file work.cif (mmCIF, C-alpha atoms and all ligand atoms)
data_coords
loop_
_atom_site.group_PDB
_atom_site.id
_atom_site.type_symbol
_atom_site.label_atom_id
_atom_site.label_comp_id
_atom_site.auth_asym_id
_atom_site.auth_seq_id
_atom_site.Cartn_x
_atom_site.Cartn_y
_atom_site.Cartn_z
ATOM 1 C CA MET A 1 14.042 17.317 -12.131
ATOM 2 C CA ASN A 2 10.355 16.527 -11.749
ATOM 3 C CA PHE A 3 8.786 16.603 -8.323
ATOM 4 C CA GLY A 4 5.287 15.914 -7.071
ATOM 5 C CA ILE A 5 2.975 14.743 -4.345
ATOM 6 C CA ALA A 6 -0.126 12.598 -4.030
ATOM 7 C CA ILE A 7 -2.403 12.196 -1.010
ATOM 8 C CA HIS A 8 -5.388 10.070 -0.059
ATOM 9 C CA GLY A 9 -8.141 10.334 2.516
ATOM 10 C CA GLY A 10 -9.340 6.750 2.368
ATOM 11 C CA ALA A 11 -11.160 4.412 0.001
ATOM 12 C CA GLY A 12 -14.378 2.435 0.170
ATOM 13 C CA THR A 13 -18.019 2.593 -0.814
ATOM 14 C CA ILE A 14 -18.174 6.288 -1.437
ATOM 15 C CA LEU A 15 -21.215 6.936 -3.604
ATOM 16 C CA ARG A 16 -22.237 10.233 -5.097
ATOM 17 C CA SER A 17 -25.827 9.374 -4.141
ATOM 18 C CA SER A 18 -24.969 9.294 -0.436
ATOM 19 C CA MET A 19 -23.023 12.549 -0.486
ATOM 20 C CA THR A 20 -24.372 16.077 -0.095
ATOM 21 C CA GLU A 21 -22.896 18.906 -2.096
ATOM 22 C CA GLU A 22 -21.828 20.550 1.125
ATOM 23 C CA LYS A 23 -20.001 17.482 2.395
ATOM 24 C CA GLU A 24 -18.309 16.969 -0.936
ATOM 25 C CA GLN A 25 -17.146 20.554 -0.839
ATOM 26 C CA GLN A 26 -15.713 20.050 2.650
ATOM 27 C CA TYR A 27 -13.747 16.989 1.560
ATOM 28 C CA THR A 28 -12.447 18.704 -1.558
ATOM 29 C CA THR A 29 -11.352 21.745 0.422
ATOM 30 C CA ALA A 30 -9.557 19.627 3.027
ATOM 31 C CA LEU A 31 -7.772 17.541 0.392
ATOM 32 C CA LYS A 32 -6.734 20.640 -1.510
ATOM 33 C CA ALA A 33 -5.345 22.294 1.614
ATOM 34 C CA ALA A 34 -3.244 19.233 2.519
ATOM 35 C CA LEU A 35 -2.040 18.859 -1.066
ATOM 36 C CA HIS A 36 -0.928 22.461 -1.292
ATOM 37 C CA ILE A 37 0.842 22.348 2.070
ATOM 38 C CA GLY A 38 2.911 19.406 0.853
ATOM 39 C CA TYR A 39 3.488 20.804 -2.620
ATOM 40 C CA ALA A 40 4.649 24.184 -1.311
ATOM 41 C CA ILE A 41 7.387 22.427 0.670
ATOM 42 C CA LEU A 42 8.585 20.562 -2.439
ATOM 43 C CA GLU A 43 8.427 23.714 -4.539
ATOM 44 C CA LYS A 44 10.761 25.477 -2.118
ATOM 45 C CA GLY A 45 13.247 22.631 -2.421
ATOM 46 C CA GLY A 46 12.136 20.939 0.815
ATOM 47 C CA SER A 47 12.411 17.202 1.390
ATOM 48 C CA SER A 48 9.830 14.605 0.465
ATOM 49 C CA VAL A 49 9.749 13.451 4.106
ATOM 50 C CA ASP A 50 8.809 16.979 5.239
ATOM 51 C CA ALA A 51 6.159 17.237 2.512
ATOM 52 C CA VAL A 52 4.632 13.868 3.414
ATOM 53 C CA GLU A 53 4.572 14.568 7.160
ATOM 54 C CA SER A 54 3.078 18.050 6.749
ATOM 55 C CA ALA A 55 0.358 16.930 4.331
ATOM 56 C CA ILE A 56 -0.603 14.084 6.675
ATOM 57 C CA ILE A 57 -0.672 16.373 9.742
ATOM 58 C CA SER A 58 -3.142 18.592 7.916
ATOM 59 C CA LEU A 59 -5.406 15.563 7.264
ATOM 60 C CA GLU A 60 -4.958 14.241 10.824
ATOM 61 C CA ASP A 61 -6.087 17.603 12.205
ATOM 62 C CA CYS A 62 -9.251 17.484 10.081
ATOM 63 C CA LEU A 63 -12.300 15.791 11.614
ATOM 64 C CA LEU A 64 -13.451 14.442 8.237
ATOM 65 C CA PHE A 65 -10.800 11.752 8.053
ATOM 66 C CA ASN A 66 -10.169 8.639 10.108
ATOM 67 C CA ALA A 67 -6.748 9.632 11.435
ATOM 68 C CA GLY A 68 -5.782 11.785 14.397
ATOM 69 C CA LYS A 69 -8.845 13.964 15.207
ATOM 70 C CA GLY A 70 -11.879 12.009 13.964
ATOM 71 C CA ALA A 71 -10.296 8.545 14.293
ATOM 72 C CA VAL A 72 -12.812 5.685 14.478
ATOM 73 C CA PHE A 73 -13.848 3.847 17.655
ATOM 74 C CA ASN A 74 -12.591 0.343 18.396
ATOM 75 C CA ASN A 75 -14.824 -2.264 20.067
ATOM 76 C CA LYS A 76 -14.113 -0.747 23.491
ATOM 77 C CA GLY A 77 -15.006 2.763 22.391
ATOM 78 C CA ALA A 78 -11.390 3.927 22.290
ATOM 79 C CA HIS A 79 -9.293 5.499 19.536
ATOM 80 C CA GLU A 80 -6.240 3.336 18.911
ATOM 81 C CA MET A 81 -4.187 4.833 16.116
ATOM 82 C CA ASP A 82 -1.509 3.527 13.756
ATOM 83 C CA ALA A 83 0.956 5.426 11.541
ATOM 84 C CA SER A 84 4.160 4.972 9.609
ATOM 85 C CA ILE A 85 6.612 6.854 7.421
ATOM 86 C CA MET A 86 9.487 5.765 5.190
ATOM 87 C CA ASN A 87 12.380 7.599 3.574
ATOM 88 C CA GLY A 88 13.281 6.135 0.180
ATOM 89 C CA LYS A 89 16.738 7.679 0.266
ATOM 90 C CA ASP A 90 18.181 5.293 2.865
ATOM 91 C CA LEU A 91 15.227 2.968 3.486
ATOM 92 C CA SER A 92 14.923 4.327 7.011
ATOM 93 C CA ALA A 93 11.439 3.904 8.443
ATOM 94 C CA GLY A 94 9.390 4.549 11.563
ATOM 95 C CA ALA A 95 6.058 3.145 12.687
ATOM 96 C CA VAL A 96 3.724 3.298 15.667
ATOM 97 C CA SER A 97 0.684 1.252 16.504
ATOM 98 C CA LEU A 98 -2.103 1.108 19.097
ATOM 99 C CA ILE A 99 -1.336 4.597 20.343
ATOM 100 C CA LYS A 100 -3.841 6.775 22.152
ATOM 101 C CA ASN A 101 -4.076 10.532 22.668
ATOM 102 C CA VAL A 102 -1.047 11.456 20.558
ATOM 103 C CA LYS A 103 -2.227 14.434 18.508
ATOM 104 C CA ASN A 104 -0.268 13.625 15.356
ATOM 105 C CA PRO A 105 0.629 9.938 15.054
ATOM 106 C CA VAL A 106 2.602 10.538 11.842
ATOM 107 C CA SER A 107 5.004 12.837 13.693
ATOM 108 C CA LEU A 108 5.558 10.146 16.299
ATOM 109 C CA SER A 109 6.356 7.638 13.541
ATOM 110 C CA ARG A 110 8.849 10.097 12.107
ATOM 111 C CA ALA A 111 10.434 10.548 15.528
ATOM 112 C CA VAL A 112 10.766 6.763 15.848
ATOM 113 C CA MET A 113 12.548 6.818 12.467
ATOM 114 C CA GLU A 114 14.873 9.699 13.261
ATOM 115 C CA LYS A 115 15.274 9.780 17.027
ATOM 116 C CA SER A 116 15.179 6.156 18.160
ATOM 117 C CA GLU A 117 17.233 3.117 17.315
ATOM 118 C CA HIS A 118 14.047 1.217 16.430
ATOM 119 C CA VAL A 119 11.604 1.036 13.549
ATOM 120 C CA PHE A 120 8.339 0.075 15.247
ATOM 121 C CA LEU A 121 6.994 1.074 18.670
ATOM 122 C CA CYS A 122 3.582 0.039 20.018
ATOM 123 C CA GLY A 123 1.137 1.118 22.694
ATOM 124 C CA GLU A 124 2.405 2.447 26.008
ATOM 125 C CA GLY A 125 6.039 2.280 24.968
ATOM 126 C CA ALA A 126 5.325 4.449 21.950
ATOM 127 C CA GLU A 127 3.332 6.900 24.089
ATOM 128 C CA GLU A 128 6.115 7.104 26.649
ATOM 129 C CA PHE A 129 8.558 7.877 23.859
ATOM 130 C CA ALA A 130 6.216 10.589 22.556
ATOM 131 C CA LYS A 131 6.106 12.183 26.020
ATOM 132 C CA LYS A 132 9.854 12.024 26.342
ATOM 133 C CA ILE A 133 10.319 14.023 23.147
ATOM 134 C CA ASN A 134 7.491 16.406 24.074
ATOM 135 C CA LEU A 135 5.035 15.652 21.275
ATOM 136 C CA PRO A 136 1.578 17.156 21.874
ATOM 137 C CA PHE A 137 -1.141 14.993 23.461
ATOM 138 C CA GLU A 138 -4.912 15.523 23.403
ATOM 139 C CA THR A 139 -7.853 14.308 25.504
ATOM 140 C CA ASP A 140 -10.058 11.390 24.363
ATOM 141 C CA GLU A 141 -12.811 13.893 23.529
ATOM 142 C CA TYR A 142 -10.569 15.709 21.061
ATOM 143 C CA PHE A 143 -10.627 12.611 18.827
ATOM 144 C CA ASP A 144 -14.396 11.960 19.219
ATOM 145 C CA ASP A 145 -16.863 12.596 16.449
ATOM 146 C CA ALA A 146 -20.648 12.036 16.541
ATOM 147 C CA PHE A 147 -20.729 10.469 13.073
ATOM 148 C CA ARG A 148 -17.998 7.962 13.956
ATOM 149 C CA PHE A 149 -19.839 7.152 17.188
ATOM 150 C CA GLU A 150 -22.981 6.370 15.195
ATOM 151 C CA GLN A 151 -20.937 4.193 12.815
ATOM 152 C CA TRP A 152 -19.579 2.309 15.795
ATOM 153 C CA GLN A 153 -23.058 1.681 17.229
ATOM 154 C CA GLN A 154 -24.161 0.295 13.863
ATOM 155 C CA ALA A 155 -21.106 -1.903 13.543
ATOM 156 C CA LYS A 156 -21.535 -3.224 17.088
ATOM 157 C CA GLU A 157 -25.147 -4.101 16.405
ATOM 158 C CA ALA A 158 -24.242 -5.765 13.149
ATOM 159 C CA ASP A 159 -21.588 -7.846 14.800
ATOM 160 C CA GLY A 160 -23.997 -8.955 17.448
ATOM 161 C CA THR A 161 -27.057 -10.455 15.811
ATOM 162 C CA PHE A 162 -28.360 -8.818 12.674
ATOM 163 C CA LEU A 163 -26.866 -10.350 9.591
ATOM 164 C CA ASP A 164 -28.958 -8.234 7.253
ATOM 165 C CA HIS A 165 -27.886 -5.191 9.112
ATOM 166 C CA ASN A 166 -24.352 -6.381 8.692
ATOM 167 C CA VAL A 167 -24.787 -6.307 4.941
ATOM 168 C CA GLN A 168 -26.113 -2.791 5.198
ATOM 169 C CA THR A 169 -23.191 -1.668 7.298
ATOM 170 C CA GLN A 170 -20.855 -3.241 4.811
ATOM 171 C CA GLY A 171 -22.564 -1.255 2.107
ATOM 172 C CA ASP A 172 -21.603 1.857 4.009
ATOM 173 C CA LYS A 173 -18.033 0.731 4.277
ATOM 174 C CA LYS A 174 -15.580 3.554 4.165
ATOM 175 C CA PHE A 175 -11.928 3.485 5.085
ATOM 176 C CA GLY A 176 -10.978 7.059 5.933
ATOM 177 C CA THR A 177 -7.292 6.486 6.488
ATOM 178 C CA VAL A 178 -4.935 9.189 5.202
ATOM 179 C CA GLY A 179 -1.610 9.030 3.417
ATOM 180 C CA ALA A 180 0.875 10.893 1.278
ATOM 181 C CA VAL A 181 3.699 10.058 -1.124
ATOM 182 C CA ALA A 182 6.182 12.536 -2.603
ATOM 183 C CA LEU A 183 9.215 12.944 -4.812
ATOM 184 C CA ASP A 184 11.398 15.965 -4.066
ATOM 185 C CA ILE A 185 13.666 18.017 -6.249
ATOM 186 C CA ASN A 186 16.687 15.930 -5.162
ATOM 187 C CA GLY A 187 15.117 12.693 -6.354
ATOM 188 C CA ASN A 188 14.207 11.456 -2.892
ATOM 189 C CA LEU A 189 10.972 9.537 -2.408
ATOM 190 C CA ALA A 190 8.951 9.270 0.820
ATOM 191 C CA ALA A 191 5.662 7.709 1.899
ATOM 192 C CA GLY A 192 3.502 7.950 5.010
ATOM 193 C CA THR A 193 0.154 6.615 6.251
ATOM 194 C CA SER A 194 -1.960 7.359 9.330
ATOM 195 C CA THR A 195 -5.203 5.811 10.560
ATOM 196 C CA GLY A 196 -7.628 5.059 13.345
ATOM 197 C CA GLY A 197 -8.058 1.623 11.753
ATOM 198 C CA MET A 198 -11.460 0.047 11.186
ATOM 199 C CA THR A 199 -14.656 0.837 13.128
ATOM 200 C CA ASN A 200 -15.334 -1.616 15.949
ATOM 201 C CA LYS A 201 -11.998 -3.382 15.401
ATOM 202 C CA LYS A 202 -10.947 -5.597 18.288
ATOM 203 C CA PHE A 203 -8.811 -3.630 20.706
ATOM 204 C CA GLY A 204 -5.216 -4.568 20.003
ATOM 205 C CA ARG A 205 -5.872 -5.091 16.282
ATOM 206 C CA VAL A 206 -3.171 -3.744 13.991
ATOM 207 C CA GLY A 207 -3.908 -2.982 10.335
ATOM 208 C CA ASP A 208 -1.649 -2.532 7.328
ATOM 209 C CA SER A 209 -1.073 1.216 7.756
ATOM 210 C CA PRO A 210 1.838 1.010 10.227
ATOM 211 C CA ILE A 211 3.371 -2.064 8.619
ATOM 212 C CA ILE A 212 6.331 -1.208 6.410
ATOM 213 C CA GLY A 213 5.918 -3.088 3.148
ATOM 214 C CA ALA A 214 2.165 -3.605 3.586
ATOM 215 C CA GLY A 215 0.576 -0.161 3.948
ATOM 216 C CA THR A 216 3.632 2.032 3.391
ATOM 217 C CA TYR A 217 6.856 1.737 1.419
ATOM 218 C CA ALA A 218 9.424 4.002 -0.267
ATOM 219 C CA ASN A 219 12.609 3.245 -2.162
ATOM 220 C CA ASN A 220 14.472 5.780 -4.308
ATOM 221 C CA ASN A 221 15.171 3.056 -6.894
ATOM 222 C CA THR A 222 11.492 2.381 -7.487
ATOM 223 C CA CYS A 223 8.545 4.198 -5.936
ATOM 224 C CA ALA A 224 6.705 5.439 -2.847
ATOM 225 C CA ILE A 225 3.352 3.893 -1.872
ATOM 226 C CA SER A 226 0.639 4.576 0.728
ATOM 227 C CA CYS A 227 -2.360 2.249 0.939
ATOM 228 C CA THR A 228 -5.935 2.410 2.190
ATOM 229 C CA GLY A 229 -8.465 -0.374 2.393
ATOM 230 C CA HIS A 230 -9.263 -3.559 4.280
ATOM 231 C CA GLY A 231 -6.005 -3.857 6.201
ATOM 232 C CA GLU A 232 -5.974 -7.612 6.787
ATOM 233 C CA LEU A 233 -6.000 -8.279 3.042
ATOM 234 C CA PHE A 234 -3.371 -5.611 2.402
ATOM 235 C CA ILE A 235 -1.085 -7.236 4.972
ATOM 236 C CA ARG A 236 -1.543 -10.660 3.398
ATOM 237 C CA SER A 237 -0.741 -9.239 -0.047
ATOM 238 C CA VAL A 238 2.247 -7.189 1.194
ATOM 239 C CA VAL A 239 0.857 -4.565 -1.150
ATOM 240 C CA ALA A 240 3.247 -1.620 -0.944
ATOM 241 C CA TYR A 241 6.445 -3.635 -1.183
ATOM 242 C CA ASP A 242 4.983 -5.879 -3.858
ATOM 243 C CA ILE A 243 4.581 -2.914 -6.197
ATOM 244 C CA SER A 244 8.163 -1.832 -5.580
ATOM 245 C CA ALA A 245 9.423 -5.404 -6.091
ATOM 246 C CA LEU A 246 7.583 -5.774 -9.396
ATOM 247 C CA MET A 247 9.340 -2.633 -10.588
ATOM 248 C CA GLU A 248 12.738 -3.605 -9.193
ATOM 249 C CA TYR A 249 12.907 -7.258 -10.187
ATOM 250 C CA LYS A 250 10.534 -7.471 -13.129
ATOM 251 C CA SER A 251 11.036 -3.988 -14.581
ATOM 252 C CA LEU A 252 7.314 -3.279 -14.639
ATOM 253 C CA SER A 253 6.275 0.353 -14.955
ATOM 254 C CA LEU A 254 4.518 1.959 -11.968
ATOM 255 C CA LYS A 255 1.211 1.726 -13.811
ATOM 256 C CA GLU A 256 1.668 -1.966 -14.656
ATOM 257 C CA ALA A 257 2.749 -2.843 -11.129
ATOM 258 C CA CYS A 258 -0.234 -0.995 -9.596
ATOM 259 C CA ASN A 259 -2.613 -2.732 -11.956
ATOM 260 C CA GLU A 260 -1.168 -6.148 -11.136
ATOM 261 C CA VAL A 261 -1.485 -5.681 -7.383
ATOM 262 C CA VAL A 262 -4.613 -3.535 -6.935
ATOM 263 C CA MET A 263 -6.774 -4.872 -9.757
ATOM 264 C CA LYS A 264 -5.649 -8.519 -9.820
ATOM 265 C CA LYS A 265 -3.867 -9.784 -6.722
ATOM 266 C CA LEU A 266 -6.016 -7.896 -4.189
ATOM 267 C CA VAL A 267 -9.267 -8.447 -6.034
ATOM 268 C CA ALA A 268 -8.605 -12.209 -6.136
ATOM 269 C CA ILE A 269 -8.717 -12.396 -2.330
ATOM 270 C CA GLY A 270 -11.427 -9.768 -1.833
ATOM 271 C CA GLY A 271 -9.070 -6.997 -0.765
ATOM 272 C CA GLU A 272 -11.087 -3.835 -1.185
ATOM 273 C CA GLY A 273 -9.246 -0.520 -1.348
ATOM 274 C CA GLY A 274 -6.608 1.408 -3.198
ATOM 275 C CA LEU A 275 -3.351 3.302 -2.951
ATOM 276 C CA ILE A 276 -1.389 6.315 -4.079
ATOM 277 C CA ALA A 277 1.948 5.889 -5.810
ATOM 278 C CA ILE A 278 4.732 8.008 -7.235
ATOM 279 C CA ASP A 279 7.834 6.684 -8.965
ATOM 280 C CA LYS A 280 11.383 7.990 -9.137
ATOM 281 C CA ASN A 281 10.568 9.913 -12.334
ATOM 282 C CA GLY A 282 7.554 11.622 -10.801
ATOM 283 C CA ASN A 283 4.881 9.507 -12.501
ATOM 284 C CA ILE A 284 1.806 9.293 -10.278
ATOM 285 C CA GLU A 285 -0.822 6.539 -10.105
ATOM 286 C CA LEU A 286 -3.955 6.524 -7.914
ATOM 287 C CA PRO A 287 -5.534 3.075 -8.429
ATOM 288 C CA PHE A 288 -8.412 1.626 -6.376
ATOM 289 C CA ASN A 289 -10.811 -1.296 -6.739
ATOM 290 C CA SER A 290 -13.493 0.160 -4.428
ATOM 291 C CA GLU A 291 -16.325 2.513 -5.373
ATOM 292 C CA GLY A 292 -14.269 5.552 -4.577
ATOM 293 C CA MET A 293 -11.136 6.937 -2.996
ATOM 294 C CA TYR A 294 -10.537 10.440 -1.681
ATOM 295 C CA ARG A 295 -7.434 11.436 -3.586
ATOM 296 C CA ALA A 296 -5.417 14.336 -4.911
ATOM 297 C CA MET A 297 -2.148 14.903 -6.736
ATOM 298 C CA LYS A 298 -0.025 17.775 -7.961
ATOM 299 C CA SER A 299 3.075 17.526 -10.100
ATOM 300 C CA SER A 300 5.735 20.003 -11.256
ATOM 301 C CA ASN A 301 4.690 19.125 -14.828
ATOM 302 C CA GLY A 302 1.546 21.173 -14.200
ATOM 303 C CA LYS A 303 -0.914 18.359 -13.533
ATOM 304 C CA GLU A 304 -3.284 18.715 -10.583
ATOM 305 C CA LEU A 305 -6.248 16.551 -9.659
ATOM 306 C CA ILE A 306 -8.673 16.297 -6.753
ATOM 307 C CA ALA A 307 -11.202 13.464 -7.021
ATOM 308 C CA ILE A 308 -13.475 11.202 -4.993
ATOM 309 C CA TYR A 309 -15.412 8.836 -7.261
ATOM 310 C CA LYS A 310 -14.384 6.543 -10.089
HETATM 311 N N1 LIG A 401 -6.136 0.161 6.023
HETATM 312 C C1 LIG A 401 -6.704 0.643 7.259
HETATM 313 C C2 LIG A 401 -6.762 -0.460 8.273
HETATM 314 O O1 LIG A 401 -7.050 -1.573 7.912
HETATM 315 C C3 LIG A 401 -8.080 1.175 7.078
HETATM 316 C C4 LIG A 401 -8.187 2.242 6.051
HETATM 317 O O2 LIG A 401 -7.508 2.207 5.043
HETATM 318 O O3 LIG A 401 -9.010 3.143 6.253
HETATM 319 O O4 LIG A 401 -6.535 -0.185 9.414
#
call {"tool": "encode", "arguments": {"input": "work.cif", "output": "structure tokens"}}
result
Amino acid sequence: MNFGIAIHGGAGTILRSSMTEEKEQQYTTALKAALHIGYAILEKGGSSVDAVESAIISLEDCLLFNAGKGAVFNNKGAHEMDASIMNGKDLSAGAVSLIKNVKNPVSLSRAVMEKSEHVFLCGEGAEEFAKKINLPFETDEYFDDAFRFEQWQQAKEADGTFLDHNVQTQGDKKFGTVGAVALDINGNLAAGTSTGGMTNKKFGRVGDSPIIGAGTYANNNTCAISCTGHGELFIRSVVAYDISALMEYKSLSLKEACNEVVMKKLVAIGGEGGLIAIDKNGNIELPFNSEGMYRAMKSSNGKELIAIYK
């Protein structure tokens, strides 16, 4: 039985020209660490849900990515985070949105899946649940990052008056959300996604990442998907479920389904971004229509890849 894992650290306008060698090295190292944490679990016969959660925790704990520590600022200067996870074995799922101060949002989404009778908890209710089950919390400062703060100032300015500036900010667009998908040795698929959302988003805004079927989906009969990109467009395209449905109802291969949704359907409405996907046979696809996507994969067939640009 094949097994494997793929992870992402966000998509967007990621140009080699705007990257230093040092920064690139940092990203590569962080991706590799998360990938190997997840893969080691699968290799030992662990579950895809465990592999996905552990890989995402590693990325959430890293300041480089827009999830957990290092999450972006919303228009009120706060970090409101979203996350979700899905188990392809029984289609159980958990999601949280608009949560603050929870150290690892993905773990809270898993707890919603496994320890509550609900699928989706938001805001204070989600935080209260996290406290009840003793998940770790952190101060606001823990999530702060000087670079993200600067991004927020630029975005605020752009929103205000300067159209030209707006264009420039858009040129810098980077969606640093994180995600993981995995197939374990027992043929079970899982997917998870975690994010701080988009810089300067309106407080209360929810993106695609916590929405089952939009940003995250897993079904043992088809595939596991985690998305990153301009959330509003991913919600409208129901991206993650659409790929699964094309495989289930139209018998498309994973590659064909990804191409249809990421390169055609999303592009047609200006939906910039990408996703990571693994099917029930362990085939992995990492498509994106943006300049770049932080991504990595490792499969029991010996293939390993860590990449940023096209
Ligand atoms: N999809 C996320 C959102 O819209 C952003 C990202 O992928 O970085 O919230």
call {"tool": "residues_around", "arguments": {"input": "work.cif", "residues": "Ala67 (chain A)", "least_positions_apart": "3", "cutoff": "9 Å", "atoms": "only C-alpha atoms", "output": "VMD selection string"}}
result
chain A and resid 56 59 to 64 70 to 72 81 to 83 104 to 105 143 176 to 178 194 to 197
call {"tool": "closest_atom_pairs", "arguments": {"input": "work.cif", "of": "chain A", "to": "ligand LIG 401 (chain A)", "cutoff": "7 Å", "atoms": "only C-alpha atoms and all ligand atoms", "output": "JSON lines"}}
result
{"residue": "A:Gly10", "atom": "CA", "partner": "A:LIG401", "partner_atom": "O3", "distance": 5.3}
{"residue": "A:Ala11", "atom": "CA", "partner": "A:LIG401", "partner_atom": "O2", "distance": 6.6}
{"residue": "A:Asn66", "atom": "CA", "partner": "A:LIG401", "partner_atom": "O3", "distance": 6.8}
{"residue": "A:Lys174", "atom": "CA", "partner": "A:LIG401", "partner_atom": "O3", "distance": 6.9}
{"residue": "A:Phe175", "atom": "CA", "partner": "A:LIG401", "partner_atom": "O3", "distance": 3.2}
{"residue": "A:Gly176", "atom": "CA", "partner": "A:LIG401", "partner_atom": "O3", "distance": 4.4}
{"residue": "A:Thr177", "atom": "CA", "partner": "A:LIG401", "partner_atom": "O3", "distance": 3.8}
{"residue": "A:Thr195", "atom": "CA", "partner": "A:LIG401", "partner_atom": "O4", "distance": 6.2}
{"residue": "A:Gly196", "atom": "CA", "partner": "A:LIG401", "partner_atom": "O4", "distance": 6.6}
{"residue": "A:Gly197", "atom": "CA", "partner": "A:LIG401", "partner_atom": "O4", "distance": 3.3}
{"residue": "A:Met198", "atom": "CA", "partner": "A:LIG401", "partner_atom": "O4", "distance": 5.2}
{"residue": "A:Val206", "atom": "CA", "partner": "A:LIG401", "partner_atom": "O4", "distance": 6.7}
{"residue": "A:Gly207", "atom": "CA", "partner": "A:LIG401", "partner_atom": "O4", "distance": 3.9}
{"residue": "A:Asp208", "atom": "CA", "partner": "A:LIG401", "partner_atom": "N1", "distance": 5.4}
{"residue": "A:Ser209", "atom": "CA", "partner": "A:LIG401", "partner_atom": "N1", "distance": 5.5}
{"residue": "A:Cys227", "atom": "CA", "partner": "A:LIG401", "partner_atom": "O2", "distance": 6.6}
{"residue": "A:Thr228", "atom": "CA", "partner": "A:LIG401", "partner_atom": "O2", "distance": 3.3}
{"residue": "A:Gly229", "atom": "CA", "partner": "A:LIG401", "partner_atom": "O2", "distance": 3.8}
{"residue": "A:His230", "atom": "CA", "partner": "A:LIG401", "partner_atom": "O1", "distance": 4.7}
{"residue": "A:Gly231", "atom": "CA", "partner": "A:LIG401", "partner_atom": "O1", "distance": 3.0}
{"residue": "A:Glu232", "atom": "CA", "partner": "A:LIG401", "partner_atom": "O1", "distance": 6.2}
call {"tool": "residues_near_point", "arguments": {"input": "work.cif", "point": "(7.4, 21.2, -17.1)", "cutoff": "12 Å", "atoms": "all atoms listed in the file", "output": "list of chain:residue names"}}
result
A:Met1, A:Asn2, A:Phe3, A:Gly4, A:Gly282, A:Ser299, A:Ser300, A:Asn301, A:Gly302, A:Lys303
call {"tool": "resolve_selection", "arguments": {"input": "work.cif", "expression": "the PyMOL selection byres (((chain A and resi 12) around 12) and not hetatm)", "output": "PyMOL selection string"}}
result
chain A and resi 8-11+13-15+170-177+198+228-230+271-275+288-295+308-310
call {"tool": "resolve_selection", "arguments": {"input": "work.cif", "expression": "the PyMOL selection byres (((chain A and resi 139) around 10) and not hetatm)", "output": "list in words"}}
result
Lys100, Asn101, Val102, Lys103, Phe137, Glu138, Asp140, Glu141, Tyr142, Phe143 and Asp144 of chain A
call {"tool": "closest_residue", "arguments": {"input": "work.cif", "among": "A:Ser54, A:Ser237, A:Asn219, A:Thr193", "to": "Val96 (chain A)", "atoms": "all atoms listed in the file"}}
result
A:Thr193
call {"tool": "closest_residue", "arguments": {"input": "work.cif", "among": "A:Ile57, A:Ile37, A:Ala182, A:Ile212", "to": "Ser84 (chain A)", "atoms": "only C-alpha atoms"}}
result
A:Ile212
call {"tool": "axis_aligned_box", "arguments": {"input": "work.cif", "around": "region 237-247 of chain A", "padding_each_side": "4 Å", "output": "JSON"}}
result
{"center_x": 4.3, "center_y": -5.4, "center_z": -4.7, "size_x": 18.2, "size_y": 15.6, "size_z": 19.8}
call {"tool": "atom_distance", "arguments": {"input": "work.cif", "atom1": "CA of Glu157 (chain A)", "atom2": "CA of Glu24 (chain A)"}}
result
28.1 Å
call {"tool": "atom_distance", "arguments": {"input": "work.cif", "atom1": "CA of Phe73 (chain A)", "atom2": "CA of Gln154 (chain A)"}}
result
11.5 Å
call {"tool": "closest_atom_pairs", "arguments": {"input": "work.cif", "of": "region 147-242 of chain A", "to": "region 248-251 of chain A", "cutoff": "12 Å", "atoms": "all atoms listed in the file", "output": "CSV"}}
result
residue,atom,partner,partner_atom,distance
A:Asn219,CA,A:Glu248,CA,9.8
A:Asn220,CA,A:Glu248,CA,10.7
A:Asn221,CA,A:Glu248,CA,7.5
A:Thr222,CA,A:Glu248,CA,6.3
A:Cys223,CA,A:Glu248,CA,9.4
A:Tyr241,CA,A:Glu248,CA,10.2
A:Asp242,CA,A:Glu248,CA,9.7
